[in-house]
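Step one of this worksheet: look at the structure below.
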Amino acid sequence: MIPTSPFGSTGHASSRVIFGAAALMSINQDKADRLLDVLLEHGINHIDSAAAYGDSELRIGPWMREHRKSFFLATKTGDRTAQGARDSLHRSLDRLRVDHVNLIQLHNLAEEDEWQKALGAGGALEALLEARSQGLTRFIGVTGHGSRIPATHRRSLERFAFDSILFPYNFTMMSIPEYAAEAEALIRTCHERGIAVQTIKSAARRRWQNGDGPKFSWYEPLRDREALRRAVHFTLSRAGLFLNSSSDATLLPDILTAASEPPLEPARAAMESDVEHYAMEPLFIPGVRDRI
């Protein structure tokens, strides 16, 4: 079984592995039901979806009728205006077949113009605060990709007391000194303020090379079980971090198996060997490559 930990100051003890529901983006309901049943077998009690994840919310919806009370349910809106975010959340509630979510997140709030719009007058945050007052959500979070996102998240936390953040965290990204410094500062801020810290891309190998595939996501994951186990333990050996599982559904059993073991921090030499052997690369490089 996957251990649990307090999800920030929400009062909920979430499984250290959060199910990344992008894995449901383009599969049928039968396959989705079988995949979701795996969560019950491993004690996963937190699902993270998004309006932008294809059919994900539609696949979760029928399953929620029986299992709603067992899960902390999160989704995201990529809209930046109040009306757009309001409409997005109501559409998500309909698709998920629920009357509220536990957490609604501003999805990938990374670009300056979008940041100003979403957090300014008439922006998406206004609609999420309204939704919270109406009982449509309990908590509000912010997520993001890119090498600048730890610094952007810290800035967002100065503007508003978000309940959770989500950002890329893996060995190759944390091997970039500038990124690691900002990420560590973000983690410290979140721990001091009781903000939940979610991580993504733990299983990333690199961006797809020369049109390789099949492409369950825009990046290529690690598939070797031992390398994947070390990647999972790299994240989970840090107290207070949550690991959002891969959008490649075929990796879920191996991720959950690894996460069921005591998370011992892998030796740096072993991680460096994996980087060399599997030609791993950071998904984002400061000043070079920052968009998906």
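We label chains A, B, ... in the order they appear in the structure tokens, count residues from 1 in each chain, and number ligands from 1 in the order shown.
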At a cut-off of 10 Å, can you tabulate as a tab-separated table every residue of segment 163-257 of chain A near segment 45-69 of chain A together with its closest atom pair and the distance in Å to one decimal, using only C-alpha atoms and ordering rows by chain then number?
```
residue	atom	partner	partner_atom	distance
A:Asn244	CA	A:Asp48	CA	7.8
A:Ser245	CA	A:Asp48	CA	9.4
A:Ser247	CA	A:Tyr53	CA	9.7
```
Self-check item: Nearby residues (only C-alpha atoms) at most 12 Å from Ala185 of chain A, same-chain spacing under 2 positions excluded, as a PyMOL selection string
Solution: chain A and resi 149-155+178-183+187-192
Kindly export the residues of the current selection with N, CA and C atoms, as a compact mmCIF listing (two decimals), in the first residue's frame.
```
# COMPACT_ATOMS: atom_id res chain seq x y z
N ILE A 149 9.36 28.07 -13.54
CA ILE A 149 8.13 27.94 -12.75
C ILE A 149 8.36 27.95 -11.24
N PRO A 150 9.46 27.43 -10.68
CA PRO A 150 9.63 27.58 -9.24
C PRO A 150 9.65 29.03 -8.80
N ALA A 151 10.35 29.89 -9.54
CA ALA A 151 10.38 31.31 -9.20
C ALA A 151 9.01 31.94 -9.41
N THR A 152 8.32 31.54 -10.48
CA THR A 152 6.98 32.08 -10.74
C THR A 152 6.00 31.66 -9.65
N HIS A 153 6.11 30.41 -9.20
CA HIS A 153 5.24 29.96 -8.11
C HIS A 153 5.48 30.78 -6.84
N ARG A 154 6.72 31.06 -6.53
CA ARG A 154 7.01 31.85 -5.33
C ARG A 154 6.37 33.24 -5.46
N ARG A 155 6.43 33.77 -6.63
CA ARG A 155 5.78 35.07 -6.88
C ARG A 155 4.26 34.94 -6.73
N GLU A 178 20.71 26.50 -11.31
CA GLU A 178 19.76 27.61 -11.17
C GLU A 178 18.36 27.08 -10.83
N TYR A 179 17.98 26.00 -11.50
CA TYR A 179 16.65 25.42 -11.24
C TYR A 179 16.58 24.86 -9.83
N ALA A 180 17.61 24.12 -9.44
CA ALA A 180 17.62 23.51 -8.12
C ALA A 180 17.53 24.55 -7.02
N ALA A 181 18.23 25.68 -7.18
CA ALA A 181 18.21 26.73 -6.16
C ALA A 181 16.80 27.30 -6.01
N GLU A 182 16.14 27.56 -7.13
CA GLU A 182 14.78 28.10 -7.07
C GLU A 182 13.80 27.05 -6.54
N ALA A 183 13.99 25.80 -6.94
CA ALA A 183 13.10 24.73 -6.47
C ALA A 183 13.22 24.54 -4.96
N ILE A 187 10.29 24.97 -2.20
CA ILE A 187 9.92 23.92 -1.25
C ILE A 187 9.98 24.44 0.18
N ARG A 188 11.02 25.21 0.50
CA ARG A 188 11.12 25.78 1.86
C ARG A 188 9.93 26.69 2.15
N THR A 189 9.59 27.54 1.20
CA THR A 189 8.46 28.45 1.39
C THR A 189 7.18 27.66 1.64
N CYS A 190 6.97 26.63 0.84
CA CYS A 190 5.75 25.83 0.98
C CYS A 190 5.70 25.10 2.32
N HIS A 191 6.81 24.54 2.74
CA HIS A 191 6.83 23.83 4.03
C HIS A 191 6.59 24.81 5.18
N GLU A 192 7.16 25.99 5.09
CA GLU A 192 6.96 26.99 6.14
C GLU A 192 5.50 27.44 6.24
```
Exercise. Run DSSP on the backbone and give me the residues of segment 84-261 of chain A it puts in strand (DSSP E or B), as JSON, numbers by chain.
Key: {"A": [101, 102, 103, 104, 105, 106, 123, 137, 138, 139, 140, 141, 142, 143, 164, 165, 166, 167, 168, 196, 197, 198, 199, 200, 204, 205, 206, 207, 219, 220, 221, 241, 242, 243, 244]}
Export, as a compact mmCIF listing (two decimals), in the first residue's frame, the selected residues with N, CA and C atoms.
```txt
# COMPACT_ATOMS: atom_id res chain seq x y z
N VAL A 101 -15.41 19.79 -6.29
CA VAL A 101 -14.08 19.16 -6.26
C VAL A 101 -13.39 19.61 -4.99
N ASN A 102 -12.41 18.84 -4.56
CA ASN A 102 -11.66 19.24 -3.37
C ASN A 102 -10.65 20.34 -3.68
N LEU A 103 -10.13 20.32 -4.91
CA LEU A 103 -9.09 21.27 -5.29
C LEU A 103 -9.27 21.68 -6.74
N ILE A 104 -9.30 22.99 -7.00
CA ILE A 104 -9.28 23.50 -8.37
C ILE A 104 -7.98 24.29 -8.52
N GLN A 105 -7.28 24.05 -9.63
CA GLN A 105 -5.96 24.64 -9.82
C GLN A 105 -5.89 25.49 -11.09
N LEU A 106 -5.15 26.57 -11.03
CA LEU A 106 -4.82 27.34 -12.22
C LEU A 106 -3.75 26.55 -12.97
N GLY A 123 -9.87 38.37 -13.30
CA GLY A 123 -9.13 37.18 -13.70
C GLY A 123 -9.69 35.90 -13.12
N THR A 137 -15.65 24.17 -4.56
CA THR A 137 -14.32 23.66 -4.28
C THR A 137 -13.96 24.02 -2.85
N ARG A 138 -13.04 23.28 -2.27
CA ARG A 138 -12.58 23.62 -0.92
C ARG A 138 -11.25 24.36 -0.97
N PHE A 139 -10.41 23.99 -1.97
CA PHE A 139 -9.06 24.53 -2.00
C PHE A 139 -8.69 24.99 -3.40
N ILE A 140 -7.69 25.87 -3.46
CA ILE A 140 -7.26 26.47 -4.73
C ILE A 140 -5.75 26.31 -4.86
N GLY A 141 -5.30 25.82 -6.01
CA GLY A 141 -3.88 25.60 -6.24
C GLY A 141 -3.41 26.22 -7.54
N VAL A 142 -2.11 26.09 -7.79
CA VAL A 142 -1.51 26.61 -9.02
C VAL A 142 -0.47 25.61 -9.50
N THR A 143 -0.39 25.41 -10.81
CA THR A 143 0.54 24.44 -11.39
C THR A 143 1.36 25.10 -12.49
N SER A 164 -1.91 24.70 -2.71
CA SER A 164 -1.00 23.71 -3.27
C SER A 164 -0.30 24.28 -4.49
N ILE A 165 0.87 23.70 -4.78
CA ILE A 165 1.58 24.02 -6.02
C ILE A 165 1.98 22.71 -6.67
N LEU A 166 2.34 22.77 -7.95
CA LEU A 166 2.76 21.59 -8.70
C LEU A 166 3.83 22.04 -9.68
N PHE A 167 4.96 21.31 -9.75
CA PHE A 167 6.04 21.71 -10.64
C PHE A 167 6.93 20.51 -10.96
N PRO A 168 7.76 20.61 -12.02
CA PRO A 168 8.63 19.49 -12.39
C PRO A 168 9.74 19.27 -11.37
N ALA A 196 0.83 22.41 0.11
CA ALA A 196 1.14 21.09 -0.43
C ALA A 196 2.03 21.23 -1.67
N VAL A 197 3.02 20.34 -1.76
CA VAL A 197 3.97 20.37 -2.88
C VAL A 197 3.80 19.11 -3.72
N GLN A 198 3.27 19.29 -4.92
CA GLN A 198 3.11 18.20 -5.87
C GLN A 198 4.20 18.28 -6.93
N THR A 199 4.73 17.11 -7.31
CA THR A 199 5.76 17.08 -8.33
C THR A 199 5.30 16.28 -9.54
N ILE A 200 5.83 16.66 -10.70
CA ILE A 200 5.52 15.97 -11.95
C ILE A 200 6.82 15.64 -12.67
N ALA A 204 10.35 11.02 -16.30
CA ALA A 204 10.76 11.52 -17.61
C ALA A 204 12.17 11.08 -17.97
N ARG A 205 12.34 10.64 -19.19
CA ARG A 205 13.68 10.35 -19.72
C ARG A 205 14.20 11.57 -20.49
N ARG A 206 13.42 12.03 -21.46
CA ARG A 206 13.82 13.17 -22.28
C ARG A 206 12.66 13.49 -23.22
N ARG A 207 12.77 14.55 -23.97
CA ARG A 207 11.79 14.81 -25.03
C ARG A 207 11.98 13.76 -26.12
N TYR A 219 6.66 13.82 -23.92
CA TYR A 219 8.02 13.44 -23.56
C TYR A 219 8.11 11.92 -23.44
N GLU A 220 9.32 11.42 -23.55
CA GLU A 220 9.57 9.97 -23.45
C GLU A 220 9.84 9.59 -22.00
N PRO A 221 9.16 8.60 -21.47
CA PRO A 221 9.39 8.20 -20.07
C PRO A 221 10.50 7.17 -19.95
N LEU A 241 6.94 15.74 -0.18
CA LEU A 241 6.70 15.85 -1.61
C LEU A 241 5.73 14.76 -2.06
N PHE A 242 4.83 15.14 -2.96
CA PHE A 242 3.91 14.18 -3.58
C PHE A 242 4.32 13.98 -5.03
N LEU A 243 4.18 12.75 -5.50
CA LEU A 243 4.55 12.39 -6.86
C LEU A 243 3.29 12.15 -7.66
N ASN A 244 3.07 12.95 -8.70
CA ASN A 244 1.95 12.73 -9.60
C ASN A 244 2.37 11.74 -10.68
```
Self-check item: Two-atom distance - atom CA of Phe284 of chain A, atom CA of Ala269 of chain A (Å)
Solution: 22.4 Å
Practice problem: Between A:Leu96, A:Ser14, A:Ser202, A:Leu24, single out the one closest to Leu36 of chain A, counting only C-alpha atoms. | Solution: A:Leu24
Exercise. Looking only at alpha helix (DSSP H) from DSSP on the backbone, list the matching residues of segment 50-88 of chain A as a list in words.
Key: Ser56, Glu57, Leu58, Arg59, Ile60, Gly61, Pro62, Trp63, Met64, Arg65, Glu66, His67, Ala82, Gln83, Gly84, Ala85, Arg86, Asp87 and Ser88 of chain A
Could the residues in this selection be written to a file with all heavy atoms, as a compact mmCIF listing (two decimals), in the first residue's frame?
```
# COMPACT_ATOMS: atom_id res chain seq x y z
N SER A 56 -10.36 12.69 -19.97
CA SER A 56 -10.06 12.25 -18.61
C SER A 56 -11.24 12.44 -17.66
O SER A 56 -11.63 11.50 -16.96
CB SER A 56 -8.84 13.01 -18.08
OG SER A 56 -8.64 12.76 -16.71
N GLU A 57 -11.79 13.64 -17.60
CA GLU A 57 -12.89 13.89 -16.67
C GLU A 57 -14.11 13.03 -17.01
O GLU A 57 -14.82 12.56 -16.11
CB GLU A 57 -13.26 15.37 -16.68
CG GLU A 57 -12.17 16.27 -16.12
CD GLU A 57 -12.50 17.74 -16.21
OE1 GLU A 57 -13.23 18.13 -17.16
OE2 GLU A 57 -12.05 18.51 -15.36
N LEU A 58 -14.34 12.79 -18.29
CA LEU A 58 -15.46 11.94 -18.70
C LEU A 58 -15.26 10.50 -18.25
O LEU A 58 -16.22 9.80 -17.91
CB LEU A 58 -15.63 11.99 -20.22
CG LEU A 58 -16.11 13.31 -20.82
CD1 LEU A 58 -16.04 13.26 -22.34
CD2 LEU A 58 -17.52 13.63 -20.34
N ARG A 59 -14.02 10.02 -18.25
CA ARG A 59 -13.72 8.65 -17.82
C ARG A 59 -13.85 8.51 -16.30
O ARG A 59 -14.24 7.47 -15.79
CB ARG A 59 -12.31 8.26 -18.26
CG ARG A 59 -12.06 8.28 -19.76
CD ARG A 59 -12.75 7.13 -20.49
NE ARG A 59 -14.15 7.39 -20.76
CZ ARG A 59 -14.61 8.09 -21.79
NH1 ARG A 59 -13.74 8.61 -22.66
NH2 ARG A 59 -15.89 8.29 -21.98
N ILE A 60 -13.50 9.58 -15.57
CA ILE A 60 -13.58 9.55 -14.11
C ILE A 60 -15.03 9.62 -13.64
O ILE A 60 -15.41 8.98 -12.65
CB ILE A 60 -12.77 10.72 -13.50
CG1 ILE A 60 -11.28 10.54 -13.79
CG2 ILE A 60 -13.02 10.83 -11.99
CD1 ILE A 60 -10.46 11.78 -13.48
N GLY A 61 -15.85 10.37 -14.35
CA GLY A 61 -17.22 10.64 -13.94
C GLY A 61 -18.03 9.41 -13.54
O GLY A 61 -18.56 9.35 -12.41
N PRO A 62 -18.18 8.40 -14.40
CA PRO A 62 -18.98 7.23 -14.03
C PRO A 62 -18.44 6.52 -12.80
O PRO A 62 -19.21 5.99 -11.99
CB PRO A 62 -18.88 6.34 -15.28
CG PRO A 62 -18.59 7.28 -16.39
CD PRO A 62 -17.69 8.34 -15.79
N TRP A 63 -17.15 6.50 -12.64
CA TRP A 63 -16.50 5.82 -11.51
C TRP A 63 -16.74 6.57 -10.21
O TRP A 63 -16.82 5.95 -9.14
CB TRP A 63 -15.01 5.72 -11.83
CG TRP A 63 -14.27 4.64 -11.14
CD1 TRP A 63 -14.34 3.29 -11.39
CD2 TRP A 63 -13.30 4.80 -10.10
NE1 TRP A 63 -13.47 2.60 -10.57
CE2 TRP A 63 -12.82 3.50 -9.77
CE3 TRP A 63 -12.79 5.89 -9.43
CZ2 TRP A 63 -11.86 3.29 -8.79
CZ3 TRP A 63 -11.83 5.69 -8.45
CH2 TRP A 63 -11.38 4.40 -8.14
N MET A 64 -16.88 7.89 -10.28
CA MET A 64 -17.08 8.70 -9.08
C MET A 64 -18.41 8.43 -8.40
O MET A 64 -18.56 8.67 -7.20
CB MET A 64 -16.99 10.19 -9.43
CG MET A 64 -15.60 10.76 -9.52
SD MET A 64 -14.75 10.79 -7.90
CE MET A 64 -13.51 9.52 -8.14
N ARG A 65 -19.38 7.94 -9.14
CA ARG A 65 -20.68 7.67 -8.53
C ARG A 65 -20.56 6.70 -7.36
O ARG A 65 -21.28 6.79 -6.37
CB ARG A 65 -21.64 7.10 -9.59
CG ARG A 65 -22.11 8.10 -10.62
CD ARG A 65 -23.03 7.48 -11.65
NE ARG A 65 -22.35 6.45 -12.42
CZ ARG A 65 -22.89 5.83 -13.47
NH1 ARG A 65 -24.12 6.13 -13.86
NH2 ARG A 65 -22.21 4.92 -14.14
N GLU A 66 -19.62 5.77 -7.46
CA GLU A 66 -19.45 4.76 -6.42
C GLU A 66 -18.33 5.11 -5.44
O GLU A 66 -18.36 4.70 -4.28
CB GLU A 66 -19.15 3.39 -7.06
CG GLU A 66 -19.02 2.26 -6.06
CD GLU A 66 -18.81 0.92 -6.72
OE1 GLU A 66 -18.89 0.85 -7.97
OE2 GLU A 66 -18.56 -0.06 -6.00
N HIS A 67 -17.35 5.89 -5.89
CA HIS A 67 -16.13 6.06 -5.11
C HIS A 67 -15.84 7.49 -4.68
O HIS A 67 -14.75 7.75 -4.16
CB HIS A 67 -14.94 5.54 -5.92
CG HIS A 67 -15.03 4.10 -6.29
ND1 HIS A 67 -14.90 3.08 -5.37
CD2 HIS A 67 -15.27 3.50 -7.49
CE1 HIS A 67 -15.04 1.91 -5.98
NE2 HIS A 67 -15.27 2.14 -7.26
N ALA A 82 -12.17 35.47 -15.43
CA ALA A 82 -13.12 34.97 -14.44
C ALA A 82 -14.24 34.17 -15.10
O ALA A 82 -14.58 33.07 -14.65
CB ALA A 82 -13.70 36.13 -13.63
N GLN A 83 -14.81 34.71 -16.18
CA GLN A 83 -15.92 34.01 -16.83
C GLN A 83 -15.45 32.70 -17.44
O GLN A 83 -16.13 31.68 -17.35
CB GLN A 83 -16.56 34.89 -17.91
CG GLN A 83 -17.86 34.31 -18.46
CD GLN A 83 -18.91 34.08 -17.37
OE1 GLN A 83 -19.22 34.98 -16.61
NE2 GLN A 83 -19.43 32.86 -17.29
N GLY A 84 -14.27 32.72 -18.06
CA GLY A 84 -13.76 31.49 -18.65
C GLY A 84 -13.51 30.43 -17.59
O GLY A 84 -13.86 29.26 -17.78
N ALA A 85 -12.91 30.81 -16.46
CA ALA A 85 -12.64 29.84 -15.39
C ALA A 85 -13.94 29.35 -14.76
O ALA A 85 -14.05 28.17 -14.40
CB ALA A 85 -11.74 30.47 -14.34
N ARG A 86 -14.89 30.24 -14.63
CA ARG A 86 -16.20 29.86 -14.07
C ARG A 86 -16.85 28.80 -14.95
O ARG A 86 -17.33 27.76 -14.47
CB ARG A 86 -17.08 31.11 -13.95
CG ARG A 86 -18.39 30.89 -13.23
CD ARG A 86 -19.16 32.21 -13.11
NE ARG A 86 -18.42 33.20 -12.33
CZ ARG A 86 -17.92 34.34 -12.82
NH1 ARG A 86 -18.09 34.64 -14.10
NH2 ARG A 86 -17.27 35.18 -12.04
N ASP A 87 -16.88 29.07 -16.25
CA ASP A 87 -17.48 28.12 -17.19
C ASP A 87 -16.71 26.80 -17.20
O ASP A 87 -17.30 25.72 -17.25
CB ASP A 87 -17.50 28.71 -18.60
CG ASP A 87 -18.44 29.91 -18.73
OD1 ASP A 87 -19.32 30.08 -17.85
OD2 ASP A 87 -18.29 30.66 -19.71
N SER A 88 -15.37 26.89 -17.14
CA SER A 88 -14.53 25.69 -17.15
C SER A 88 -14.82 24.81 -15.94
O SER A 88 -14.96 23.59 -16.07
CB SER A 88 -13.06 26.11 -17.17
OG SER A 88 -12.21 24.99 -17.04
```
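Going from atom CA of Lys117 of chain A to atom CA of Pro286 of chain A covers 23.9 Å.
When only C-alpha atoms are used to compute distances to Gly8 of chain A, the closest of the residues A:Glu126, A:Asp33, A:Asp290, A:Asp163 turns out to be A:Asp163.
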Quiz prompt | 6 Å contact set for His107 of chain A, only C-alpha atoms, chain neighbours under 4 positions out, as a list in words | solution = Lys76, Thr77, Gly78 and Thr143 of chain A
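Residues lying within 10 Å of segment 251-253 of chain A, counting only C-alpha atoms and ignoring same-chain neighbours fewer than 4 positions away, are Phe19, Gly20, Ala23, Leu35, Val38, Leu39, His42, Ala203, Pro221, Leu222, Arg223, Arg225, Leu228, Ser245, Ser246, Ser247, Thr257, Ala258 and Ala259 of chain A.
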